[in-house]
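Asker: Got input.txt for you, compact mmCIF, C-alpha atoms and all ligand atoms:
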```txt
# COMPACT_ATOMS: atom_id res chain seq x y z
CA MET H 1 -33.93 11.20 69.54
CA SER H 2 -31.47 8.44 68.96
CA ASN H 3 -32.42 4.88 69.83
CA VAL H 4 -28.89 3.66 69.86
CA ASN H 5 -27.69 4.65 73.27
CA VAL H 6 -24.27 6.21 73.42
CA GLU H 7 -23.47 6.05 77.09
CA GLU H 8 -20.47 7.84 78.45
CA PRO H 9 -18.03 5.21 79.71
CA LYS H 10 -18.26 5.02 83.54
CA SER H 11 -14.78 3.88 84.35
CA LEU H 12 -11.36 3.20 82.87
CA PHE H 13 -11.75 5.52 79.92
CA ILE H 14 -12.66 9.14 79.57
CA ALA H 15 -13.90 9.52 76.00
CA PRO H 16 -15.14 12.79 74.54
CA VAL H 17 -18.72 12.31 73.30
CA SER H 18 -20.65 14.96 71.37
CA LYS H 19 -24.44 14.86 71.05
CA PRO H 20 -26.41 15.84 67.93
CA ALA H 21 -27.69 19.42 68.27
CA PRO H 22 -28.34 22.41 66.02
CA GLY H 23 -25.64 25.07 65.85
CA SER H 24 -22.52 22.96 66.36
CA VAL H 25 -20.56 25.81 64.75
CA GLY H 26 -22.97 28.60 65.68
CA LYS H 27 -25.64 30.52 63.76
CA THR H 28 -24.62 29.73 60.18
CA GLY H 29 -27.30 32.09 58.88
CA THR H 30 -24.64 34.80 59.15
CA TRP H 31 -22.77 33.11 56.26
CA ARG H 32 -25.50 34.09 53.78
CA HIS H 33 -25.11 36.56 50.93
CA GLU H 34 -28.60 35.91 49.61
CA LYS H 35 -31.67 34.63 51.38
CA PRO H 36 -34.40 32.38 50.02
CA VAL H 37 -37.88 33.95 50.21
CA ILE H 38 -40.85 31.64 49.65
CA ASN H 39 -43.89 32.91 47.78
CA GLU H 40 -46.73 31.00 49.47
CA GLU H 41 -49.18 31.90 46.72
CA LYS H 42 -47.09 30.04 44.16
CA CYS H 43 -46.02 27.05 46.30
CA VAL H 44 -47.67 23.74 45.37
CA LYS H 45 -46.26 21.90 48.43
CA CYS H 46 -44.29 19.38 46.39
CA LEU H 47 -41.60 19.33 49.13
CA LEU H 48 -38.70 19.18 46.66
CA CYS H 49 -37.02 22.15 48.36
CA TRP H 50 -37.39 20.33 51.69
CA LEU H 51 -35.93 17.15 50.15
CA TYR H 52 -32.87 18.78 48.58
CA CYS H 53 -31.94 21.42 51.20
CA PRO H 54 -28.59 20.18 52.54
CA GLU H 55 -28.93 22.05 55.83
CA ASP H 56 -32.35 20.85 56.96
CA THR H 57 -33.41 24.50 57.09
CA ILE H 58 -36.55 24.14 54.99
CA LEU H 59 -39.20 23.28 57.57
CA ARG H 60 -42.76 22.01 57.07
CA ARG H 61 -45.86 23.31 58.79
CA GLU H 62 -48.72 20.92 59.61
CA ASP H 63 -50.32 21.60 56.21
CA ASP H 64 -46.93 21.05 54.50
CA MET H 65 -46.48 24.71 53.63
CA VAL H 66 -42.72 25.22 53.79
CA TYR H 67 -40.74 27.95 55.56
CA VAL H 68 -37.07 28.76 56.10
CA ASP H 69 -35.05 28.56 59.30
CA TYR H 70 -33.05 31.77 58.79
CA ASP H 71 -30.92 31.19 61.89
CA TYR H 72 -29.04 28.45 60.08
CA CYS H 73 -29.85 28.64 56.30
CA LYS H 74 -26.52 29.16 54.51
CA GLY H 75 -28.05 30.67 51.38
CA CYS H 76 -26.77 28.06 48.93
CA GLY H 77 -29.75 28.58 46.61
CA ILE H 78 -30.51 24.90 46.01
CA CYS H 79 -34.14 25.28 47.17
CA ALA H 80 -34.73 28.07 44.64
CA LYS H 81 -33.18 26.05 41.81
CA VAL H 82 -35.11 22.81 42.44
CA CYS H 83 -38.52 24.47 42.91
CA PRO H 84 -40.59 23.41 39.87
CA VAL H 85 -42.83 26.51 39.98
CA ASN H 86 -40.18 29.14 40.85
CA ALA H 87 -41.84 29.93 44.16
CA ILE H 88 -38.51 30.75 45.83
CA ASP H 89 -36.55 33.94 45.13
CA MET H 90 -32.99 34.50 46.27
CA VAL H 91 -32.89 38.04 47.64
CA PRO H 92 -29.57 39.82 48.46
CA GLU H 93 -29.01 40.26 52.20
CA GLY H 94 -29.29 43.91 53.25
CA MET C 1 -41.45 0.52 47.60
CA PRO C 2 -41.65 4.06 46.25
CA VAL C 3 -40.61 6.79 48.67
CA LYS C 4 -43.42 9.21 49.58
CA LEU C 5 -42.14 12.57 50.82
CA ARG C 6 -45.28 13.43 52.77
CA ASP C 7 -44.89 10.34 54.95
CA PHE C 8 -41.61 11.49 56.47
CA PRO C 9 -41.89 12.99 59.95
CA ARG C 10 -41.22 16.68 60.54
CA THR C 11 -37.96 16.21 62.38
CA HIS C 12 -34.34 17.10 61.76
CA PHE C 13 -32.61 14.45 59.66
CA ASN C 14 -29.40 16.43 59.82
CA MET C 15 -28.50 19.11 62.35
CA PRO C 16 -28.51 22.64 60.91
CA GLY C 17 -25.70 24.99 61.86
CA ASN C 18 -22.99 22.43 61.08
CA ALA C 19 -19.61 23.15 59.49
CA ALA C 20 -20.35 22.03 55.91
CA CYS C 21 -19.91 24.50 53.06
CA PRO C 22 -23.13 25.86 51.46
CA GLY C 23 -24.53 23.37 48.92
CA CYS C 24 -22.60 20.44 50.40
CA PRO C 25 -23.46 17.03 48.90
CA GLU C 26 -22.24 15.15 51.99
CA THR C 27 -24.85 16.79 54.25
CA MET C 28 -27.48 16.03 51.58
CA GLY C 29 -26.42 12.38 51.57
CA LEU C 30 -26.39 12.15 55.38
CA ARG C 31 -29.98 13.42 55.49
CA TYR C 32 -31.03 10.64 53.10
CA VAL C 33 -29.26 7.99 55.18
CA LYS C 34 -31.22 9.19 58.22
CA MET C 35 -34.48 9.24 56.22
CA ALA C 36 -33.84 5.67 55.06
CA LEU C 37 -32.46 4.00 58.18
CA GLY C 38 -33.80 6.19 61.00
CA ASP C 39 -32.60 5.71 64.54
CA LYS C 40 -31.29 2.19 64.13
CA ALA C 41 -28.07 3.19 62.37
CA VAL C 42 -24.63 3.96 63.76
CA LEU C 43 -22.00 5.58 61.54
CA VAL C 44 -18.31 4.84 61.32
CA ILE C 45 -16.54 7.81 59.70
CA PRO C 46 -12.88 7.92 58.67
CA ALA C 47 -11.14 11.28 58.17
CA GLY C 48 -12.75 13.55 55.60
CA CYS C 49 -15.19 16.44 55.26
CA SER C 50 -17.80 14.55 57.29
CA SER C 51 -15.43 14.45 60.27
CA VAL C 52 -15.30 18.24 60.17
CA ILE C 53 -18.98 18.78 59.33
CA GLN C 54 -19.81 17.47 62.81
CA GLY C 55 -18.57 20.77 64.24
CA ILE C 56 -17.31 21.58 67.69
CA SER C 57 -17.79 19.45 70.82
CA PRO C 58 -20.04 19.05 72.84
CA LYS C 59 -22.49 19.44 69.91
CA SER C 60 -22.47 17.33 66.75
CA GLY C 61 -23.92 18.48 63.43
CA ILE C 62 -24.59 14.93 62.19
CA ASN C 63 -27.70 13.28 63.60
CA PHE C 64 -26.24 9.82 64.28
CA PRO C 65 -24.11 8.15 66.91
CA ILE C 66 -20.68 8.22 65.26
CA LEU C 67 -17.37 6.51 65.75
CA ASN C 68 -14.68 8.67 64.17
CA ILE C 69 -11.79 6.47 63.13
CA VAL C 70 -8.52 6.48 61.19
CA PHE C 71 -8.59 6.12 57.42
CA ALA C 72 -7.24 2.61 57.07
CA ALA C 73 -9.58 1.06 59.65
CA ALA C 74 -13.13 2.16 58.79
CA ALA C 75 -14.43 -1.17 57.46
CA SER C 76 -12.61 -3.27 60.06
CA ALA C 77 -13.81 -1.02 62.93
CA ALA C 78 -17.36 -1.35 61.60
CA ALA C 79 -17.02 -5.13 61.41
CA GLY C 80 -15.85 -5.22 65.03
CA MET C 81 -18.63 -2.92 66.13
CA LYS C 82 -21.22 -5.11 64.40
CA ALA C 83 -19.82 -8.18 66.19
CA GLY C 84 -20.06 -6.28 69.48
CA PHE C 85 -23.69 -5.33 68.90
CA GLU C 86 -24.48 -8.95 68.02
CA MET C 87 -22.92 -10.13 71.28
CA LEU C 88 -25.12 -7.65 73.14
CA GLY C 89 -28.17 -9.06 71.35
CA ARG C 90 -28.65 -5.85 69.39
CA ASP C 91 -29.02 -7.41 65.93
CA ASP C 92 -31.33 -4.55 64.98
CA VAL C 93 -28.50 -1.99 64.83
CA GLN C 94 -27.26 -1.16 61.32
CA VAL C 95 -23.56 -0.39 61.30
CA VAL C 96 -22.82 1.93 58.40
CA VAL C 97 -19.46 3.14 57.13
CA TRP C 98 -19.63 6.66 55.67
CA ALA C 99 -16.32 7.29 53.91
CA GLY C 100 -15.05 9.62 51.20
CA ASP C 101 -13.64 8.50 47.86
CA GLY C 102 -10.09 8.99 49.12
CA GLY C 103 -10.96 6.93 52.18
CA THR C 104 -12.52 4.23 49.99
CA ALA C 105 -10.87 3.99 46.57
CA ASP C 106 -7.38 4.55 47.99
CA ILE C 107 -6.64 4.47 51.71
CA GLY C 108 -9.43 2.23 53.05
CA LEU C 109 -9.56 -0.21 50.15
CA GLN C 110 -7.75 -3.10 51.79
CA ALA C 111 -9.82 -3.01 55.00
CA MET C 112 -12.99 -2.84 52.92
CA SER C 113 -11.85 -5.73 50.73
CA GLY C 114 -11.20 -7.79 53.87
CA ALA C 115 -14.63 -7.04 55.32
CA ALA C 116 -16.27 -7.92 51.98
CA GLU C 117 -14.37 -11.18 51.73
CA ARG C 118 -15.37 -12.14 55.29
CA GLY C 119 -18.96 -11.19 54.53
CA ASP C 120 -19.24 -8.84 57.49
CA ASP C 121 -22.82 -7.68 57.96
CA ILE C 122 -22.39 -3.93 57.38
CA ILE C 123 -23.42 -1.26 54.89
CA TYR C 124 -20.44 0.58 53.39
CA ILE C 125 -21.26 3.89 51.72
CA CYS C 126 -18.63 5.72 49.70
CA VAL C 127 -19.59 9.39 49.38
CA ASP C 128 -17.73 10.25 46.22
CA ASN C 129 -16.87 13.91 45.62
CA GLU C 130 -14.05 12.75 43.34
CA ALA C 131 -11.11 14.18 45.33
CA TYR C 132 -9.65 14.58 48.82
CA MET C 133 -11.74 17.68 49.60
CA ASN C 134 -11.15 18.11 53.30
CA THR C 135 -7.43 18.70 52.86
CA GLY C 136 -7.82 21.04 49.88
CA ILE C 137 -8.83 19.19 46.69
CA GLN C 138 -6.08 16.64 46.00
CA ARG C 139 -6.71 14.00 43.31
CA SER C 140 -7.85 10.55 44.39
CA GLY C 141 -8.19 7.27 42.52
CA ALA C 142 -11.82 8.27 41.94
CA THR C 143 -11.05 11.63 40.29
CA PRO C 144 -12.09 11.46 36.62
CA TYR C 145 -9.79 11.97 33.65
CA GLY C 146 -9.12 15.61 32.83
CA ALA C 147 -10.27 17.08 36.15
CA TRP C 148 -8.24 19.87 37.70
CA THR C 149 -7.24 19.35 41.33
CA THR C 150 -4.43 21.00 43.32
CA THR C 151 -2.25 17.98 42.55
CA THR C 152 -3.33 17.63 38.90
CA TRP C 153 -3.23 21.27 37.88
CA THR C 154 -3.11 20.50 34.15
CA GLY C 155 -5.85 17.88 34.48
CA LYS C 156 -5.71 14.29 35.74
CA LYS C 157 -4.07 11.93 33.27
CA GLU C 158 -5.70 8.71 34.47
CA HIS C 159 -9.31 7.52 34.48
CA LYS C 160 -11.58 7.11 37.49
CA LYS C 161 -11.10 3.87 39.42
CA ASN C 162 -14.33 1.88 39.28
CA VAL C 163 -14.89 0.81 42.88
CA PRO C 164 -18.44 -0.59 42.40
CA PHE C 165 -17.05 -3.06 39.85
CA ILE C 166 -14.27 -4.01 42.27
CA MET C 167 -16.96 -4.76 44.87
CA ILE C 168 -19.04 -6.79 42.40
CA ALA C 169 -15.92 -8.88 41.83
CA HIS C 170 -15.95 -9.62 45.59
CA ASP C 171 -19.25 -11.43 44.99
CA VAL C 172 -20.98 -9.64 47.86
CA PRO C 173 -24.79 -9.84 47.97
CA TYR C 174 -25.48 -6.16 47.31
CA VAL C 175 -23.69 -3.42 45.36
CA ALA C 176 -25.37 -0.25 44.11
CA THR C 177 -24.56 3.16 42.70
CA ALA C 178 -26.60 6.19 43.74
CA SER C 179 -26.53 9.97 43.41
CA VAL C 180 -27.47 12.95 45.58
CA GLY C 181 -29.40 14.14 42.52
CA TYR C 182 -31.85 11.24 42.97
CA PRO C 183 -32.58 11.04 46.71
CA GLN C 184 -35.58 8.72 46.40
CA ASP C 185 -33.52 6.17 44.48
CA PHE C 186 -30.74 6.36 47.12
CA ILE C 187 -33.25 5.96 49.97
CA GLU C 188 -34.85 2.92 48.30
CA LYS C 189 -31.43 1.33 47.81
CA LEU C 190 -30.47 1.92 51.43
CA ARG C 191 -33.73 0.38 52.62
CA LYS C 192 -33.15 -2.63 50.42
CA ALA C 193 -29.54 -2.97 51.61
CA ALA C 194 -30.79 -2.93 55.21
CA THR C 195 -32.79 -6.12 54.51
CA VAL C 196 -29.83 -8.01 53.03
CA LYS C 197 -27.50 -10.01 55.26
CA GLY C 198 -23.78 -9.69 54.59
CA PHE C 199 -21.61 -6.97 53.09
CA LYS C 200 -23.46 -4.21 51.25
CA TYR C 201 -21.73 -1.50 49.20
CA ILE C 202 -23.37 1.71 47.96
CA HIS C 203 -21.36 4.25 45.97
CA LEU C 204 -22.96 7.71 46.21
CA HIS C 205 -21.98 10.29 43.59
CA ALA C 206 -21.65 13.65 45.38
CA PRO C 207 -20.75 16.75 43.32
CA CYS C 208 -18.89 19.25 45.53
CA PRO C 209 -19.27 22.96 44.67
CA VAL C 210 -15.96 23.87 46.31
CA GLY C 211 -13.74 21.25 44.70
CA TRP C 212 -15.48 21.11 41.34
CA ARG C 213 -15.82 24.88 41.11
CA PHE C 214 -19.53 25.47 40.55
CA ASP C 215 -22.34 27.59 42.01
CA PRO C 216 -23.48 25.89 45.26
CA GLY C 217 -27.11 26.07 44.11
CA LEU C 218 -26.29 23.61 41.31
CA THR C 219 -25.37 20.51 43.36
CA PRO C 220 -28.56 18.53 42.49
CA GLU C 221 -28.54 19.61 38.83
CA ILE C 222 -24.91 18.63 38.27
CA ALA C 223 -25.51 15.30 40.00
CA GLN C 224 -28.46 14.68 37.66
CA LEU C 225 -26.42 15.67 34.60
CA ALA C 226 -23.78 13.08 35.54
CA VAL C 227 -26.53 10.47 35.25
CA LYS C 228 -28.15 11.92 32.12
CA THR C 229 -24.85 12.10 30.23
CA GLY C 230 -24.15 8.45 31.08
CA MET C 231 -21.08 9.44 33.08
CA TRP C 232 -22.56 8.05 36.32
CA PRO C 233 -24.88 5.08 35.59
CA LEU C 234 -27.25 4.12 38.40
CA PHE C 235 -27.47 0.37 38.90
CA GLU C 236 -28.01 -2.35 41.44
CA TYR C 237 -26.27 -5.69 41.71
CA HIS C 238 -28.30 -7.94 43.98
CA ASN C 239 -27.66 -11.65 44.49
CA GLY C 240 -25.64 -12.03 41.33
CA LYS C 241 -27.92 -10.05 39.01
CA LEU C 242 -27.18 -6.62 37.66
CA LYS C 243 -30.06 -4.26 36.96
CA ILE C 244 -29.87 -0.73 35.57
CA SER C 245 -31.95 1.55 37.82
CA SER C 246 -35.01 3.30 36.40
CA PHE C 247 -33.45 6.79 36.28
CA SER C 248 -30.59 5.49 34.10
CA ARG C 249 -32.42 3.08 31.82
CA LEU C 250 -32.99 5.62 29.07
CA TYR C 251 -29.26 6.36 28.82
CA ARG C 252 -28.34 2.83 27.86
CA VAL C 253 -28.95 4.09 24.34
CA LYS C 254 -26.06 6.37 23.45
CA GLU C 255 -28.17 8.70 21.30
CA LYS C 256 -30.49 9.43 24.23
CA ARG C 257 -27.69 10.67 26.47
CA VAL C 258 -27.36 14.41 27.13
CA PRO C 259 -24.15 15.66 25.40
CA LEU C 260 -21.25 15.37 27.84
CA LYS C 261 -20.29 19.03 27.34
CA GLU C 262 -23.51 20.09 29.12
CA TYR C 263 -22.11 18.44 32.27
CA LEU C 264 -18.52 19.59 31.85
CA LYS C 265 -19.19 23.24 31.03
CA LEU C 266 -20.81 23.98 34.42
CA GLN C 267 -17.68 22.92 36.32
CA GLY C 268 -14.54 25.01 36.66
CA ARG C 269 -12.44 21.85 37.16
CA PHE C 270 -13.03 20.94 33.48
CA ARG C 271 -12.67 24.46 32.04
CA HIS C 272 -9.33 23.76 30.35
CA LEU C 273 -10.46 20.59 28.52
CA LYS C 274 -9.77 20.33 24.80
CA ASP C 275 -12.11 18.55 22.38
CA SER C 276 -9.67 15.64 22.33
CA ASP C 277 -10.06 15.33 26.13
CA VAL C 278 -13.84 15.34 25.84
CA LYS C 279 -13.53 12.53 23.30
CA ILE C 280 -11.45 10.49 25.75
CA LEU C 281 -14.18 10.91 28.37
CA GLU C 282 -16.88 9.95 25.87
CA GLU C 283 -14.97 6.78 25.07
CA TYR C 284 -14.72 6.09 28.81
CA ILE C 285 -18.52 6.34 29.04
CA ASP C 286 -18.99 3.93 26.13
CA ARG C 287 -16.65 1.41 27.75
CA LEU C 288 -18.43 1.74 31.09
CA TRP C 289 -21.77 0.94 29.50
CA ALA C 290 -20.27 -1.95 27.53
CA TRP C 291 -19.11 -3.45 30.83
CA LEU C 292 -22.56 -2.95 32.36
CA ASP C 293 -24.12 -4.59 29.33
CA LEU C 294 -21.90 -7.63 29.78
CA LEU C 295 -22.69 -7.86 33.49
CA GLU C 296 -26.40 -7.48 32.86
CA LYS C 297 -26.32 -10.36 30.38
CA ALA C 298 -24.10 -12.59 32.53
CA PRO C 299 -25.87 -15.94 32.85
CA ASN C 300 -25.25 -16.18 36.61
CA PRO C 301 -27.63 -18.35 38.53
CA SER C 302 -29.45 -16.41 41.21
CA GLY C 303 -27.45 -15.85 44.39
CA THR C 304 -23.74 -15.52 45.05
CA ALA C 305 -21.11 -18.23 45.06
CA ARG C 306 -20.83 -17.84 48.82
CA ASP C 307 -24.49 -18.94 49.13
CA LEU C 308 -23.36 -22.39 48.00
CA LEU C 309 -20.94 -22.71 50.91
CA GLY C 310 -22.12 -25.02 53.64
CA LYS C 311 -25.11 -26.24 51.65
C1 LIG H 401 -3.46 8.46 57.45
C2 LIG H 401 -3.91 9.84 57.18
N1 LIG H 401 -3.42 10.50 56.11
C3 LIG H 401 -3.86 11.74 55.81
C4 LIG H 401 -4.78 12.36 56.61
C5 LIG H 401 -5.24 13.75 56.26
N2 LIG H 401 -6.59 13.80 55.73
C6 LIG H 401 -7.66 14.10 56.50
S1 LIG H 401 -9.09 14.20 55.65
C7 LIG H 401 -8.31 13.86 54.20
C8 LIG H 401 -9.06 13.85 52.89
C9 LIG H 401 -10.12 12.81 52.79
O1 LIG H 401 -10.61 12.73 51.51
P1 LIG H 401 -11.85 11.83 51.14
O2 LIG H 401 -11.73 10.50 51.76
O3 LIG H 401 -12.04 11.86 49.67
O4 LIG H 401 -13.08 12.56 51.87
P2 LIG H 401 -13.64 14.05 51.65
O5 LIG H 401 -12.77 14.96 52.49
O6 LIG H 401 -13.56 14.37 50.21
O7 LIG H 401 -15.01 13.97 52.18
C10 LIG H 401 -6.92 13.65 54.40
C11 LIG H 401 -5.96 13.35 53.35
C12 LIG H 401 -5.27 11.66 57.72
N3 LIG H 401 -6.21 12.17 58.53
N4 LIG H 401 -4.82 10.41 58.01
S1 LIG H 402 -30.73 28.46 50.52
FE1 LIG H 402 -29.79 26.42 50.79
S2 LIG H 402 -29.55 26.22 53.00
FE2 LIG H 402 -31.02 27.88 52.68
S3 LIG H 402 -33.01 26.88 52.75
FE3 LIG H 402 -32.41 26.97 50.58
S4 LIG H 402 -31.44 25.00 50.19
FE4 LIG H 402 -31.52 25.27 52.43
S1 LIG H 403 -40.15 23.34 45.85
FE1 LIG H 403 -41.41 25.15 45.50
S2 LIG H 403 -43.48 24.37 45.19
FE2 LIG H 403 -42.30 22.69 46.08
S3 LIG H 403 -42.68 22.90 48.29
FE3 LIG H 403 -40.81 24.07 47.86
S4 LIG H 403 -41.51 26.18 47.49
FE4 LIG H 403 -43.29 24.83 47.38
S1 LIG H 404 -15.53 20.68 50.45
FE1 LIG H 404 -17.33 19.87 49.37
S2 LIG H 404 -17.83 17.91 50.36
FE2 LIG H 404 -16.43 19.05 51.72
S3 LIG H 404 -17.78 20.14 53.17
FE3 LIG H 404 -17.35 21.55 51.47
S4 LIG H 404 -19.01 21.22 49.98
FE4 LIG H 404 -19.02 19.47 51.41
```
Write out the structure in this file as structure tokens.
Ligand SMILES: Cc1ncc(C[n+]2csc(CCOP(=O)(O)OP(=O)(O)O)c2C)c(N)n1
Ligand code: SF4
Ligand code: SF4
Ligand code: SF4
Answerer:
Amino acid sequence: MSNVNVEEPKSLFIAPVSKPAPGSVGKTGTWRHEKPVINEEKCVKCLLCWLYCPEDTILRREDDMVYVDYDYCKGCGICAKVCPVNAIDMVPEG
Amino acid sequence: MPVKLRDFPRTHFNMPGNAACPGCPETMGLRYVKMALGDKAVLVIPAGCSSVIQGISPKSGINFPILNIVFAAAASAAAGMKAGFEMLGRDDVQVVVWAGDGGTADIGLQAMSGAAERGDDIIYICVDNEAYMNTGIQRSGATPYGAWTTTTWTGKKEHKKNVPFIMIAHDVPYVATASVGYPQDFIEKLRKAATVKGFKYIHLHAPCPVGWRFDPGLTPEIAQLAVKTGMWPLFEYHNGKLKISSFSRLYRVKEKRVPLKEYLKLQGRFRHLKDSDVKILEEYIDRLWAWLDLLEKAPNPSGTARDLLGK
């Protein structure tokens, strides 16, 4: 999605170039001890959880209802703590 | 221009599945840089957590083109890169340094000072987690008084080096402080910096759960408490005028500040502090605000001294 083109050098140099992609160290969801569970009834779509999630694992549907990308969510608990209406519970992983 | 969350596209601003610890303030900050500057920015990153956060080749966990570079050369590499883009006619590209507090307050200071003095057209962001985290929590010039680190295991004996003030003294057109606890304020400051020509410096306060010893869910709250206790004032210095930012204005008045202990008690790195240490930190806060007061009242004409050159 980047506009600034990083082209691999064609001659003289061989430089290692990595491209932005999810999972650069694998499925970090396996790091979790607790998982965030969103209560859609309570959610007021303020998007604060989406704003503060460090991992970019709070995603927004078309209507701005939020959901969690459990493949990569590391279970830090920030989303639950910043939610103004306590719509997110941290539930121990089974 | 206020930042409206709904207006942001539904895309990844940072790549999930990267190597950052849970609750990492650097990944938070990188998301806000992407939200503010979009696809027109290129990062220059000296050694630090953000070098590692990128993960393992051929994937990168940070959603920018990045030049990884040695500590001492971040600002000079960025200056050279900016000159290169200009020669290619790509004036639209924002070259941004993203460096830790060790890489800024200590190791990269001379290169940054040189770039500021030359007026190189770059944005330099110091992401300040108040220690050398990537190598295991060693004290830096930006570690505050009293904080435990692995090299100050009875608490640091010196105060935090004030890099924003050092940059104001360089008379650059734009200097600001920001915090991961106030993303909208940081995004607005980045957008403003992107419109200013010359050297721009933004110092981003970034509480680190690993190095500061707190629950990773508390990163935003601790960042906000640093502002509310007056320990980390948010301000902007633009064209010779200092302005306290809206989220900090209330805390100009000492009595309105949240008691410092509320901030300290959540962090393991301050667990050993005595009341006399807390007093030393409170005096530091008072001095900091006295300086800001002086700068705010300084009768500078609008603009910087360098604006007068060649006129
Ligand atoms: C010249 C040099 N000295 C030491 C190192 C080892 N080193 C790598 S990262 C790092 C810590 C950087 O700390 P900081 O700039 O505060 O960034 P953070 O890791 O906290 O994000 C150090 C000392 C190095 N890479 N190069
Ligand atoms: S627990 Fe942390 S990583 Fe997971 S969605 Fe919430 S804020 Fe994001
Ligand atoms: S913070 Fe809470 S209320 Fe706001 S969008 Fe997230 S879950 Fe919904
Ligand atoms: S040590 Fe701190 S700053 Fe470094 S990756 Fe971990 S949480 Fe982020």
Asker: Could you tell me, counting all atoms listed in the file, which protein and nucleic acid residues lie no more than 9 Å from ligand LIG 401 (chain H), written as a ChimeraX atom specification?
Answerer: /C:26,46-52,70-72,99-108,126-140,142,208,211
Asker: Please dump the current selection as a JSON list (two decimals), in the frame of the given file; keep C-alpha atoms.
Answerer:
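Ended up saving to out_36.json:
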```
[["chain", "number", "residue", "atom", "x", "y", "z"],
["C", 26, "GLU", "CA", -22.24, 15.15, 51.99],
["C", 46, "PRO", "CA", -12.88, 7.92, 58.67],
["C", 47, "ALA", "CA", -11.14, 11.28, 58.17],
["C", 48, "GLY", "CA", -12.75, 13.55, 55.60],
["C", 49, "CYS", "CA", -15.19, 16.44, 55.26],
["C", 50, "SER", "CA", -17.80, 14.55, 57.29],
["C", 51, "SER", "CA", -15.43, 14.45, 60.27],
["C", 52, "VAL", "CA", -15.30, 18.24, 60.17],
["C", 70, "VAL", "CA", -8.52, 6.48, 61.19],
["C", 71, "PHE", "CA", -8.59, 6.12, 57.42],
["C", 72, "ALA", "CA", -7.24, 2.61, 57.07],
["C", 99, "ALA", "CA", -16.32, 7.29, 53.91],
["C", 100, "GLY", "CA", -15.05, 9.62, 51.20],
["C", 101, "ASP", "CA", -13.64, 8.50, 47.86],
["C", 102, "GLY", "CA", -10.09, 8.99, 49.12],
["C", 103, "GLY", "CA", -10.96, 6.93, 52.18],
["C", 104, "THR", "CA", -12.52, 4.23, 49.99],
["C", 105, "ALA", "CA", -10.87, 3.99, 46.57],
["C", 106, "ASP", "CA", -7.38, 4.55, 47.99],
["C", 107, "ILE", "CA", -6.64, 4.47, 51.71],
["C", 108, "GLY", "CA", -9.43, 2.23, 53.05],
["C", 126, "CYS", "CA", -18.63, 5.72, 49.70],
["C", 127, "VAL", "CA", -19.59, 9.39, 49.38],
["C", 128, "ASP", "CA", -17.73, 10.25, 46.22],
["C", 129, "ASN", "CA", -16.87, 13.91, 45.62],
["C", 130, "GLU", "CA", -14.05, 12.75, 43.34],
["C", 131, "ALA", "CA", -11.11, 14.18, 45.33],
["C", 132, "TYR", "CA", -9.65, 14.58, 48.82],
["C", 133, "MET", "CA", -11.74, 17.68, 49.60],
["C", 134, "ASN", "CA", -11.15, 18.11, 53.30],
["C", 135, "THR", "CA", -7.43, 18.70, 52.86],
["C", 136, "GLY", "CA", -7.82, 21.04, 49.88],
["C", 137, "ILE", "CA", -8.83, 19.19, 46.69],
["C", 138, "GLN", "CA", -6.08, 16.64, 46.00],
["C", 139, "ARG", "CA", -6.71, 14.00, 43.31],
["C", 140, "SER", "CA", -7.85, 10.55, 44.39],
["C", 142, "ALA", "CA", -11.82, 8.27, 41.94],
["C", 208, "CYS", "CA", -18.89, 19.25, 45.53],
["C", 211, "GLY", "CA", -13.74, 21.25, 44.70]]
```
Asker: Hey, what's within 7 Å of range 170-185 of chain C if we count only C-alpha atoms and toss same-chain stuff fewer than 2 positions away? As number ranges by chain, please?
Answerer: C: 3, 25, 28-29, 32, 116-117, 164, 166-168, 187-189, 193, 198-206, 220-221, 223-224, 234-239, 304
Asker: List all protein, DNA and RNA residues that have any atom at most 12 Å from ligand LIG 403 (chain H), counting all atoms listed in the file, and write the list as a ChimeraX atom specification.
Answerer: /H:36-53,57-61,63-68,77-90 /C:5-6
Asker: What separation in Å, quoted to one decimal, exists between CA of Glu93 in chain H and atom FE3 of ligand LIG 402 (chain H)?
Answerer: 13.8 Å
Asker: Just how far from CA of Val44 in chain C is CA of Lys161 in chain C, in Å to one decimal?
Answerer: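 We find that CA of Lys161 in chain C and CA of Val44 in chain C lie 23.1 Å from each other.
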Asker: What lies within 8 Å of Pro92 in chain H using only C-alpha atoms, ignoring chain neighbours under 4 positions off, as a ChimeraX atom specification?
Answerer: /H:33-35
Asker: Quick one: residues within 7 Å of range 155-159 of chain C, all atoms listed in the file counted, chain neighbours fewer than 3 positions away excluded, as a compact mmCIF listing (two decimals) with C-alpha atoms, in the frame of the given file?
Answerer:
```txt
# COMPACT_ATOMS: atom_id res chain seq x y z
CA PRO C 144 -12.09 11.46 36.62
CA TYR C 145 -9.79 11.97 33.65
CA GLY C 146 -9.12 15.61 32.83
CA ALA C 147 -10.27 17.08 36.15
CA TRP C 148 -8.24 19.87 37.70
CA THR C 152 -3.33 17.63 38.90
```
Asker: Quick one: of C:Arg213, C:Gly240, C:Ser248, C:Ser302, who's nearest to Leu266 in chain C, counting all atoms listed in the file?
Answerer: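 For Leu266 in chain C, the nearest of the given residues is C:Arg213.
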Asker: CA of Asp286 in chain C and CA of Val253 in chain C, how far apart in Å?
Answerer: 10.1 Å
Asker: Taking all listed atoms of ligand LIG 402 (chain H), build the axis-aligned box, pad each of the six sides by 4 Å, then write its centre and edge lengths in Å to one decimal as JSON.
Answerer:
```
{"center_x": -31.3, "center_y": 26.7, "center_z": 51.6, "size_x": 11.5, "size_y": 11.5, "size_z": 10.8}
```
